[in-house]
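What follows is the content of upload_29.txt, which has compact mmCIF, C-alpha atoms and all ligand atoms:
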# COMPACT_ATOMS: atom_id res chain seq x y z
CA MET Q 1 203.35 145.42 -79.39
CA ASN Q 2 201.82 148.88 -79.60
CA THR Q 3 198.12 149.43 -80.18
CA VAL Q 4 197.12 152.58 -82.06
CA LYS Q 5 193.69 153.89 -82.96
CA THR Q 6 194.34 156.65 -85.48
CA VAL Q 7 195.62 156.67 -89.05
CA ARG Q 8 198.15 159.35 -88.03
CA GLU Q 9 199.68 157.13 -85.31
CA LEU Q 10 199.62 154.12 -87.62
CA ARG Q 11 201.43 155.95 -90.42
CA ALA Q 12 204.03 157.33 -87.97
CA ALA Q 13 204.79 153.86 -86.53
CA VAL Q 14 205.02 152.26 -89.97
CA ALA Q 15 207.24 155.13 -91.21
CA ARG Q 16 209.60 154.53 -88.24
CA ALA Q 17 209.85 150.84 -89.10
CA ARG Q 18 210.50 151.66 -92.76
CA SER Q 19 213.21 154.17 -91.82
CA GLU Q 20 214.94 151.29 -89.98
CA GLY Q 21 214.92 149.36 -93.28
CA LYS Q 22 212.15 146.96 -92.21
CA ARG Q 23 209.80 145.22 -94.61
CA ILE Q 24 206.15 145.51 -93.60
CA GLY Q 25 203.57 142.71 -93.46
CA PHE Q 26 199.86 143.21 -92.82
CA VAL Q 27 197.07 140.99 -91.45
CA PRO Q 28 193.62 142.61 -91.49
CA THR Q 29 191.06 141.03 -89.15
CA MET Q 30 187.73 141.72 -87.50
CA GLY Q 31 188.99 140.48 -84.12
CA ASN Q 32 187.71 137.64 -81.90
CA LEU Q 33 190.89 135.93 -82.94
CA HIS Q 34 191.59 132.18 -82.97
CA SER Q 35 194.53 130.00 -84.00
CA GLY Q 36 193.67 130.55 -87.67
CA HIS Q 37 194.38 134.27 -87.29
CA ALA Q 38 197.52 133.52 -85.26
CA ALA Q 39 198.75 131.40 -88.22
CA LEU Q 40 198.30 134.40 -90.54
CA VAL Q 41 200.36 136.61 -88.22
CA SER Q 42 203.05 133.93 -87.81
CA LYS Q 43 203.25 133.56 -91.60
CA ALA Q 44 203.73 137.32 -91.97
CA ALA Q 45 206.34 137.32 -89.18
CA GLN Q 46 208.32 134.63 -91.02
CA ARG Q 47 208.39 136.75 -94.18
CA VAL Q 48 208.95 140.33 -92.96
CA ASP Q 49 210.53 142.31 -90.14
CA PHE Q 50 207.50 144.27 -88.95
CA VAL Q 51 203.97 142.89 -88.75
CA VAL Q 52 200.92 145.14 -88.54
CA ALA Q 53 197.50 143.66 -87.72
CA SER Q 54 194.18 145.48 -87.71
CA ILE Q 55 190.98 144.78 -85.84
CA PHE Q 56 188.00 146.53 -87.38
CA VAL Q 57 184.45 145.19 -87.61
CA ASN Q 58 183.61 146.83 -90.91
CA PRO Q 59 179.94 147.89 -91.11
CA LEU Q 60 180.23 148.32 -94.87
CA GLN Q 61 180.50 144.56 -95.45
CA PHE Q 62 177.51 143.54 -93.29
CA GLY Q 63 174.02 143.40 -94.78
CA ALA Q 64 170.78 144.29 -93.00
CA GLY Q 65 169.88 141.56 -90.50
CA GLU Q 66 173.44 140.18 -90.38
CA ASP Q 67 175.51 139.88 -87.19
CA LEU Q 68 177.25 143.32 -87.15
CA ASP Q 69 175.91 144.24 -83.70
CA LYS Q 70 176.53 140.89 -82.06
CA TYR Q 71 179.95 140.29 -83.69
CA PRO Q 72 182.14 139.46 -80.65
CA ARG Q 73 184.54 142.21 -79.47
CA THR Q 74 187.36 140.61 -77.42
CA LEU Q 75 190.21 143.16 -77.59
CA ALA Q 76 192.28 142.14 -74.53
CA ALA Q 77 192.37 138.44 -75.50
CA ASP Q 78 193.08 139.40 -79.13
CA GLN Q 79 196.04 141.59 -78.12
CA GLU Q 80 197.53 138.69 -76.18
CA LYS Q 81 197.18 136.29 -79.14
CA LEU Q 82 198.65 138.80 -81.58
CA LEU Q 83 201.62 139.43 -79.31
CA GLN Q 84 202.29 135.69 -78.98
CA ALA Q 85 202.07 135.25 -82.77
CA GLY Q 86 204.69 137.94 -83.45
CA CYS Q 87 202.65 141.05 -84.23
CA ASN Q 88 204.50 144.37 -83.79
CA LEU Q 89 201.71 146.91 -84.20
CA LEU Q 90 197.94 146.66 -83.81
CA PHE Q 91 195.59 149.15 -85.47
CA THR Q 92 192.10 149.34 -83.90
CA PRO Q 93 190.32 152.26 -85.59
CA THR Q 94 186.80 153.40 -84.74
CA VAL Q 95 184.12 153.55 -87.43
CA GLU Q 96 184.55 157.37 -87.43
CA GLU Q 97 188.31 157.04 -88.01
CA MET Q 98 187.73 154.71 -90.98
CA TYR Q 99 184.75 156.58 -92.42
CA PRO Q 100 185.14 160.21 -91.22
CA ASP Q 101 182.62 161.48 -93.79
CA GLY Q 102 180.15 158.67 -93.17
CA MET Q 103 179.61 155.59 -95.27
CA ALA Q 104 176.93 156.82 -97.67
CA GLY Q 105 179.28 158.87 -99.85
CA GLN Q 106 182.31 156.61 -99.39
CA THR Q 107 184.12 155.77 -102.65
CA ARG Q 108 183.64 152.04 -103.24
CA VAL Q 109 185.85 149.40 -104.78
CA SER Q 110 183.94 146.82 -106.73
CA VAL Q 111 185.44 143.65 -108.22
CA PRO Q 112 182.96 142.35 -110.83
CA HIS Q 113 182.44 138.67 -111.72
CA LEU Q 114 184.42 137.22 -108.79
CA SER Q 115 182.16 139.03 -106.31
CA GLU Q 116 179.02 137.64 -107.93
CA GLY Q 117 177.57 134.23 -107.08
CA LEU Q 118 178.50 131.99 -104.13
CA CYS Q 119 178.64 134.21 -101.00
CA GLY Q 120 178.07 137.30 -103.18
CA ALA Q 121 174.62 136.00 -104.12
CA SER Q 122 173.34 135.64 -100.57
CA ARG Q 123 175.28 138.64 -99.20
CA PRO Q 124 174.70 141.46 -101.73
CA GLY Q 125 177.28 144.25 -101.35
CA HIS Q 126 179.45 142.15 -99.04
CA PHE Q 127 182.50 141.93 -101.28
CA GLU Q 128 182.26 145.59 -102.24
CA GLY Q 129 182.43 146.36 -98.51
CA VAL Q 130 185.41 144.03 -98.11
CA ALA Q 131 187.30 145.35 -101.16
CA THR Q 132 186.65 148.95 -100.07
CA VAL Q 133 187.87 148.53 -96.49
CA VAL Q 134 190.86 146.39 -97.51
CA SER Q 135 191.98 148.95 -100.09
CA LYS Q 136 191.62 151.73 -97.49
CA LEU Q 137 193.66 149.67 -95.00
CA PHE Q 138 196.25 148.89 -97.69
CA ASN Q 139 196.60 152.63 -98.38
CA MET Q 140 196.95 153.37 -94.67
CA VAL Q 141 199.53 150.65 -93.93
CA GLN Q 142 201.23 150.43 -97.35
CA PRO Q 143 202.59 146.94 -96.62
CA ASP Q 144 204.93 144.89 -98.78
CA LEU Q 145 202.75 141.83 -98.27
CA ALA Q 146 199.39 140.95 -96.76
CA VAL Q 147 198.20 137.56 -95.47
CA PHE Q 148 194.61 136.28 -95.70
CA GLY Q 149 193.02 132.94 -94.79
CA GLN Q 150 192.08 130.51 -97.55
CA LYS Q 151 188.96 129.70 -95.54
CA ASP Q 152 187.38 132.81 -97.09
CA TYR Q 153 188.29 131.56 -100.54
CA GLN Q 154 186.09 133.91 -102.56
CA GLN Q 155 187.27 136.87 -100.46
CA LEU Q 156 190.89 135.94 -101.16
CA ALA Q 157 190.15 135.69 -104.91
CA VAL Q 158 188.44 139.10 -104.83
CA ILE Q 159 191.38 140.70 -102.99
CA ARG Q 160 193.94 139.15 -105.33
CA ALA Q 161 192.00 140.48 -108.33
CA MET Q 162 191.66 143.92 -106.74
CA ALA Q 163 195.39 144.16 -105.97
CA HIS Q 164 196.23 143.01 -109.50
CA ASP Q 165 193.71 145.20 -111.32
CA LEU Q 166 194.55 148.33 -109.31
CA ASN Q 167 198.33 147.78 -109.56
CA MET Q 168 198.76 147.62 -105.80
CA PRO Q 169 202.41 146.77 -105.10
CA ILE Q 170 201.47 144.29 -102.39
CA GLN Q 171 202.10 140.54 -102.41
CA ILE Q 172 198.91 138.74 -101.40
CA ILE Q 173 199.51 135.49 -99.52
CA GLY Q 174 196.80 132.87 -98.87
CA GLU Q 175 197.31 130.76 -95.75
CA PRO Q 176 195.71 127.28 -95.39
CA THR Q 177 192.60 126.90 -93.25
CA VAL Q 178 193.21 125.85 -89.65
CA ARG Q 179 190.80 123.13 -88.50
CA ALA Q 180 189.64 121.63 -85.21
CA ASP Q 181 190.47 117.94 -84.68
CA ASP Q 182 187.08 116.93 -86.10
CA GLY Q 183 187.72 118.94 -89.28
CA LEU Q 184 185.56 122.00 -88.58
CA ALA Q 185 187.24 125.09 -90.04
CA LEU Q 186 188.06 127.58 -87.27
CA SER Q 187 185.88 130.65 -87.52
CA SER Q 188 184.88 133.45 -85.17
CA ARG Q 189 181.26 132.52 -85.97
CA ASN Q 190 181.69 128.99 -84.52
CA GLY Q 191 181.25 130.70 -81.14
CA TYR Q 192 177.57 131.24 -82.02
CA LEU Q 193 176.96 127.46 -82.15
CA SER Q 194 175.28 125.58 -79.28
CA GLN Q 195 177.03 122.43 -78.06
CA GLU Q 196 174.62 120.33 -80.10
CA GLN Q 197 175.16 122.41 -83.26
CA ARG Q 198 178.93 122.31 -82.76
CA ALA Q 199 178.75 118.49 -82.83
CA ILE Q 200 176.85 118.58 -86.15
CA ALA Q 201 178.96 121.27 -87.90
CA PRO Q 202 181.86 119.01 -89.07
CA VAL Q 203 179.45 117.43 -91.59
CA LEU Q 204 180.49 120.24 -93.95
CA TYR Q 205 184.15 119.22 -93.94
CA ARG Q 206 183.21 115.53 -94.26
CA SER Q 207 181.10 116.31 -97.32
CA LEU Q 208 183.85 118.41 -98.90
CA SER Q 209 186.34 115.62 -98.22
CA GLN Q 210 184.09 112.99 -99.79
CA ILE Q 211 183.68 115.05 -102.96
CA ALA Q 212 187.46 115.71 -103.01
CA THR Q 213 188.22 111.99 -102.68
CA ALA Q 214 185.83 111.14 -105.53
CA ILE Q 215 187.29 113.85 -107.81
CA GLU Q 216 190.84 112.76 -107.01
CA ALA Q 217 189.81 109.20 -107.95
CA GLY Q 218 188.71 110.49 -111.38
CA ASP Q 219 184.96 111.10 -110.90
CA ARG Q 220 183.90 114.23 -112.80
CA ASP Q 221 180.13 113.92 -112.37
CA PHE Q 222 180.04 117.09 -110.27
CA ALA Q 223 176.23 117.33 -110.34
CA LYS Q 224 175.86 113.84 -108.84
CA LEU Q 225 178.60 114.43 -106.24
CA ARG Q 226 176.97 117.69 -105.17
CA ALA Q 227 173.48 116.19 -104.98
CA GLU Q 228 174.69 113.30 -102.78
CA GLN Q 229 176.40 115.61 -100.31
CA ILE Q 230 173.58 118.16 -100.24
CA ARG Q 231 171.36 115.27 -99.09
CA HIS Q 232 173.87 114.44 -96.29
CA ILE Q 233 174.20 118.03 -95.16
CA GLU Q 234 170.44 118.61 -95.12
CA ALA Q 235 169.87 115.29 -93.33
CA ALA Q 236 172.23 116.55 -90.59
CA GLY Q 237 169.86 119.50 -90.09
CA LEU Q 238 171.61 122.32 -91.98
CA ARG Q 239 169.94 124.59 -94.52
CA MET Q 240 171.98 124.77 -97.73
CA ASP Q 241 173.10 128.03 -99.24
CA TYR Q 242 175.39 126.48 -101.87
CA LEU Q 243 177.68 123.55 -102.56
CA GLU Q 244 179.67 124.13 -105.73
CA VAL Q 245 182.64 122.74 -107.64
CA ARG Q 246 184.44 125.66 -109.30
CA GLN Q 247 187.62 126.42 -111.22
CA GLY Q 248 190.09 127.55 -108.57
CA GLN Q 249 191.11 130.95 -109.94
CA HIS Q 250 188.11 132.42 -111.79
CA LEU Q 251 185.45 130.58 -109.75
CA ARG Q 252 183.46 129.65 -112.87
CA PRO Q 253 181.78 126.22 -112.72
CA ALA Q 254 184.47 123.53 -113.04
CA THR Q 255 184.71 121.37 -116.15
CA ALA Q 256 186.09 117.83 -116.38
CA GLU Q 257 189.31 119.27 -117.90
CA ASP Q 258 190.09 121.66 -115.04
CA ARG Q 259 193.12 120.82 -112.89
CA ASP Q 260 192.78 123.71 -110.44
CA VAL Q 261 189.49 123.00 -108.69
CA VAL Q 262 187.86 124.24 -105.49
CA ILE Q 263 184.83 122.78 -103.74
CA LEU Q 264 182.97 125.46 -101.78
CA VAL Q 265 180.13 125.17 -99.32
CA ALA Q 266 177.94 127.55 -97.31
CA ALA Q 267 175.09 126.42 -95.08
CA TYR Q 268 173.07 127.67 -92.13
CA LEU Q 269 173.12 125.83 -88.82
CA GLY Q 270 170.28 127.53 -86.97
CA ALA Q 271 170.95 131.24 -87.51
CA THR Q 272 174.70 130.76 -88.03
CA ARG Q 273 176.04 130.77 -91.57
CA LEU Q 274 179.11 128.53 -91.95
CA ILE Q 275 181.43 128.43 -94.97
CA ASP Q 276 184.27 126.12 -95.91
CA ASN Q 277 186.16 124.93 -98.98
CA LEU Q 278 188.75 122.44 -100.21
CA HIS Q 279 191.16 123.36 -102.97
CA LEU Q 280 192.47 120.59 -105.23
CA ASN Q 281 195.44 120.67 -107.52
CA LEU Q 282 194.79 117.71 -109.84
CA ASN Q 283 198.06 117.95 -111.74
CA PRO Q 284 199.81 114.59 -111.69
O1 LIG X 301 188.12 138.31 -93.31
C1 LIG X 301 187.89 139.28 -92.55
O2 LIG X 301 188.05 139.19 -91.34
C2 LIG X 301 187.39 140.58 -93.14
O3 LIG X 301 186.54 140.37 -94.24
C3 LIG X 301 188.52 141.55 -93.51
C4 LIG X 301 189.42 140.99 -94.59
C5 LIG X 301 189.34 141.88 -92.27
C6 LIG X 301 187.93 142.87 -94.05
O4 LIG X 301 187.10 143.47 -93.12

Turn this file's structure into structure tokens for me.
Amino acid sequence: MNTVKTVRELRAAVARARSEGKRIGFVPTMGNLHSGHAALVSKAAQRVDFVVASIFVNPLQFGAGEDLDKYPRTLAADQEKLLQAGCNLLFTPTVEEMYPDGMAGQTRVSVPHLSEGLCGASRPGHFEGVATVVSKLFNMVQPDLAVFGQKDYQQLAVIRAMAHDLNMPIQIIGEPTVRADDGLALSSRNGYLSQEQRAIAPVLYRSLSQIATAIEAGDRDFAKLRAEQIRHIEAAGLRMDYLEVRQGQHLRPATAEDRDVVILVAAYLGATRLIDNLHLNLNP
């Protein structure tokens, strides 16, 4: 696996693979990789002949006071994991390589509606930063397909909409969330948790699962189900951001008739913001 830092080297390596008739897959990341990321790379490796991953902690998607500066940088360990998972080329650009003219005047990609509410409400500008960097990376790599984790459900919906609306000829694949044995969704931010907080964190998955079980059993009183679980989550010591039951594609509030439903949660455990979701297909 080669690691390159410049767009020129990246394009040359991808062009070589293409000239050998290879199909290209792409997995964008911010590094500090765990088994969830490895699953994305493995999925790409099953589908194509040449897998490109990127590691770039994108300043454009972090708000003031967020964890941009303390976001863990673990390149050597990440390279090892990517190699094991079947990655062929790693792109690790600097901020200057990605934004040579600075960020202030950078053309932005904004995906309305889907970017609003949920994480978009508490992280203004976040999804514009994500859509902008992902479209830049897509233009640099020009992959046939790209793989993203379903754990960032709203992000995946935003990227699907962006690729569709801007006629990007890239298949977007969502890969199921990888969980620890106690249900906690793997996330680079779990590393911020103390041992005590780590023991509390699986309450989010338990609450999602309880709502899912009730909905699958026919309960459609979403307001009651949410209120019950918000009480549980707060009693465990977390500060709620949101707990919502939404239609799975458009992310509007779910109705009793919806069959494609997603339950999404975000909450703070100390200073760490955790997110998770469960997607339900209620078709018989
Ligand atoms: O999910 C992430 O790690 C990031 O938001 C992404 C997609 C790599 C864009 O910076």

- prompt: atom CA of Arg259 of chain Q and atom CA of Leu243 of chain Q are how many Å apart?
  reply: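 Pair atom CA of Arg259 of chain Q / atom CA of Leu243 of chain Q returns 18.8 Å.
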
task: Pick out the closest residue to ligand LIG 301 (chain X) from this set: Q:Gly25, Q:Pro72, Q:Pro100, Q:Gly149. Count only C-alpha atoms and all ligand atoms.
output: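 Of the candidates, the smallest distance to ligand LIG 301 (chain X) is held by Q:Gly149.
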
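Across Q:Leu280, Q:Val41, Q:Ile159, Q:Ala227, the tightest approach to ligand LIG 301 (chain X) is made by Q:Ile159 when counting only C-alpha atoms and all ligand atoms.
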
Grab me every residue within 6 Å of ligand LIG 301 (chain X), counting only C-alpha atoms and all ligand atoms, and send it over as a PDB file with C-alpha atoms, in the coordinates of the input.
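Once everything was written out, this is selection_18.pdb:
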ATOM      1  CA  PRO Q  28     193.620 142.610 -91.490  1.00  0.00           C
ATOM      2  CA  THR Q  29     191.060 141.030 -89.150  1.00  0.00           C
ATOM      3  CA  MET Q  30     187.730 141.720 -87.500  1.00  0.00           C
ATOM      4  CA  ASN Q  58     183.610 146.830 -90.910  1.00  0.00           C
ATOM      5  CA  VAL Q 130     185.410 144.030 -98.110  1.00  0.00           C
ATOM      6  CA  VAL Q 134     190.860 146.390 -97.510  1.00  0.00           C
TER       7      VAL Q 134
END

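Checking Q:Met103, Q:Leu33, Q:Ala131, Q:Ile55 one by one against Ala77 of chain Q, counting all atoms listed in the file, you find the shortest gap at Q:Leu33.
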
message: Could you check the closest approach to Gln195 of chain Q for each of Q:Pro59, Q:Leu269, Q:Arg239, Q:Arg179 and tell me which residue wins, using all atoms listed in the file?
response: Q:Leu269

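If you look at atom CA of Met98 of chain Q and atom CA of Gly31 of chain Q, they are 15.8 Å away from each other.
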
- request: Would you kindly return, as a ChimeraX atom specification, each protein, DNA or RNA residue with an atom no farther than 7 Å from any atom of Met1 of chain Q, considering only C-alpha atoms and excluding same-chain residues fewer than 2 positions away?
  value: /Q:3,83,87-89

Of the listed residues Q:Ala212, Q:Ser135, Q:Val147, Q:Gly183, that which approaches Asn167 of chain Q most closely, counting all atoms listed in the file: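 For Asn167 of chain Q, the nearest of the given residues is Q:Ser135.
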
query: Between Q:Leu282, Q:Asn190, Q:Val158, Q:Phe62, which one has atoms that come closest to Ala217 of chain Q, using only C-alpha atoms?
result: Q:Leu282

Contacts of Phe50 of chain Q at 12 Å or less, counting all atoms listed in the file, minus same-chain residues fewer than 4 places along, as a PDB file with C-alpha atoms, keeping the file's coordinate frame?
ATOM      1  CA  MET Q   1     203.350 145.420 -79.390  1.00  0.00           C
ATOM      2  CA  ASN Q   2     201.820 148.880 -79.600  1.00  0.00           C
ATOM      3  CA  ALA Q  13     204.790 153.860 -86.530  1.00  0.00           C
ATOM      4  CA  VAL Q  14     205.020 152.260 -89.970  1.00  0.00           C
ATOM      5  CA  ALA Q  15     207.240 155.130 -91.210  1.00  0.00           C
ATOM      6  CA  ARG Q  16     209.600 154.530 -88.240  1.00  0.00           C
ATOM      7  CA  ALA Q  17     209.850 150.840 -89.100  1.00  0.00           C
ATOM      8  CA  ARG Q  18     210.500 151.660 -92.760  1.00  0.00           C
ATOM      9  CA  SER Q  19     213.210 154.170 -91.820  1.00  0.00           C
ATOM     10  CA  GLU Q  20     214.940 151.290 -89.980  1.00  0.00           C
ATOM     11  CA  GLY Q  21     214.920 149.360 -93.280  1.00  0.00           C
ATOM     12  CA  LYS Q  22     212.150 146.960 -92.210  1.00  0.00           C
ATOM     13  CA  ARG Q  23     209.800 145.220 -94.610  1.00  0.00           C
ATOM     14  CA  ILE Q  24     206.150 145.510 -93.600  1.00  0.00           C
ATOM     15  CA  GLY Q  25     203.570 142.710 -93.460  1.00  0.00           C
ATOM     16  CA  PHE Q  26     199.860 143.210 -92.820  1.00  0.00           C
ATOM     17  CA  VAL Q  27     197.070 140.990 -91.450  1.00  0.00           C
ATOM     18  CA  VAL Q  41     200.360 136.610 -88.220  1.00  0.00           C
ATOM     19  CA  SER Q  42     203.050 133.930 -87.810  1.00  0.00           C
ATOM     20  CA  LYS Q  43     203.250 133.560 -91.600  1.00  0.00           C
ATOM     21  CA  ALA Q  44     203.730 137.320 -91.970  1.00  0.00           C
ATOM     22  CA  ALA Q  45     206.340 137.320 -89.180  1.00  0.00           C
ATOM     23  CA  GLN Q  46     208.320 134.630 -91.020  1.00  0.00           C
ATOM     24  CA  GLY Q  86     204.690 137.940 -83.450  1.00  0.00           C
ATOM     25  CA  CYS Q  87     202.650 141.050 -84.230  1.00  0.00           C
ATOM     26  CA  ASN Q  88     204.500 144.370 -83.790  1.00  0.00           C
ATOM     27  CA  LEU Q  89     201.710 146.910 -84.200  1.00  0.00           C
ATOM     28  CA  LEU Q  90     197.940 146.660 -83.810  1.00  0.00           C
ATOM     29  CA  VAL Q 141     199.530 150.650 -93.930  1.00  0.00           C
ATOM     30  CA  PRO Q 143     202.590 146.940 -96.620  1.00  0.00           C
ATOM     31  CA  ASP Q 144     204.930 144.890 -98.780  1.00  0.00           C
ATOM     32  CA  LEU Q 145     202.750 141.830 -98.270  1.00  0.00           C
ATOM     33  CA  ALA Q 146     199.390 140.950 -96.760  1.00  0.00           C
TER      34      ALA Q 146
END

field: d(atom CA of Gly174 of chain Q, atom CA of Phe148 of chain Q) in Å
entry: 5.1 Å

message: For a cutoff of 12 Å around the file-coordinate point (183.3, 115.1, -101.2), which residues qualify once you count only C-alpha atoms? I'd like the result as JSON, numbers by chain.
response: {"Q": [203, 204, 205, 206, 207, 208, 209, 210, 211, 212, 213, 214, 215, 216, 217, 219, 220, 221, 222, 223, 224, 225, 226, 227, 228, 229, 230, 232, 233, 243, 244, 245, 262, 263, 264, 265, 277, 278, 279, 280]}

Write out as a Markdown table the residues of segment 64-93 of chain Q that have any atom within 12 Å of an atom of segment 186-189 of chain Q, one row each with the nearest atom pair and its distance in Å to one decimal, counting all atoms listed in the file, sorted by chain and then rising number.
| residue | atom | partner | partner_atom | distance |
| --- | --- | --- | --- | --- |
| Q:Glu66 | CA | Q:Arg189 | CA | 11.8 |
| Q:Asp67 | CA | Q:Arg189 | CA | 9.4 |
| Q:Leu68 | CA | Q:Arg189 | CA | 11.6 |
| Q:Lys70 | CA | Q:Arg189 | CA | 10.4 |
| Q:Tyr71 | CA | Q:Arg189 | CA | 8.2 |
| Q:Pro72 | CA | Q:Ser188 | CA | 8.0 |
| Q:Arg73 | CA | Q:Ser188 | CA | 10.5 |
| Q:Thr74 | CA | Q:Ser188 | CA | 10.8 |
| Q:Asp78 | CA | Q:Ser188 | CA | 11.8 |
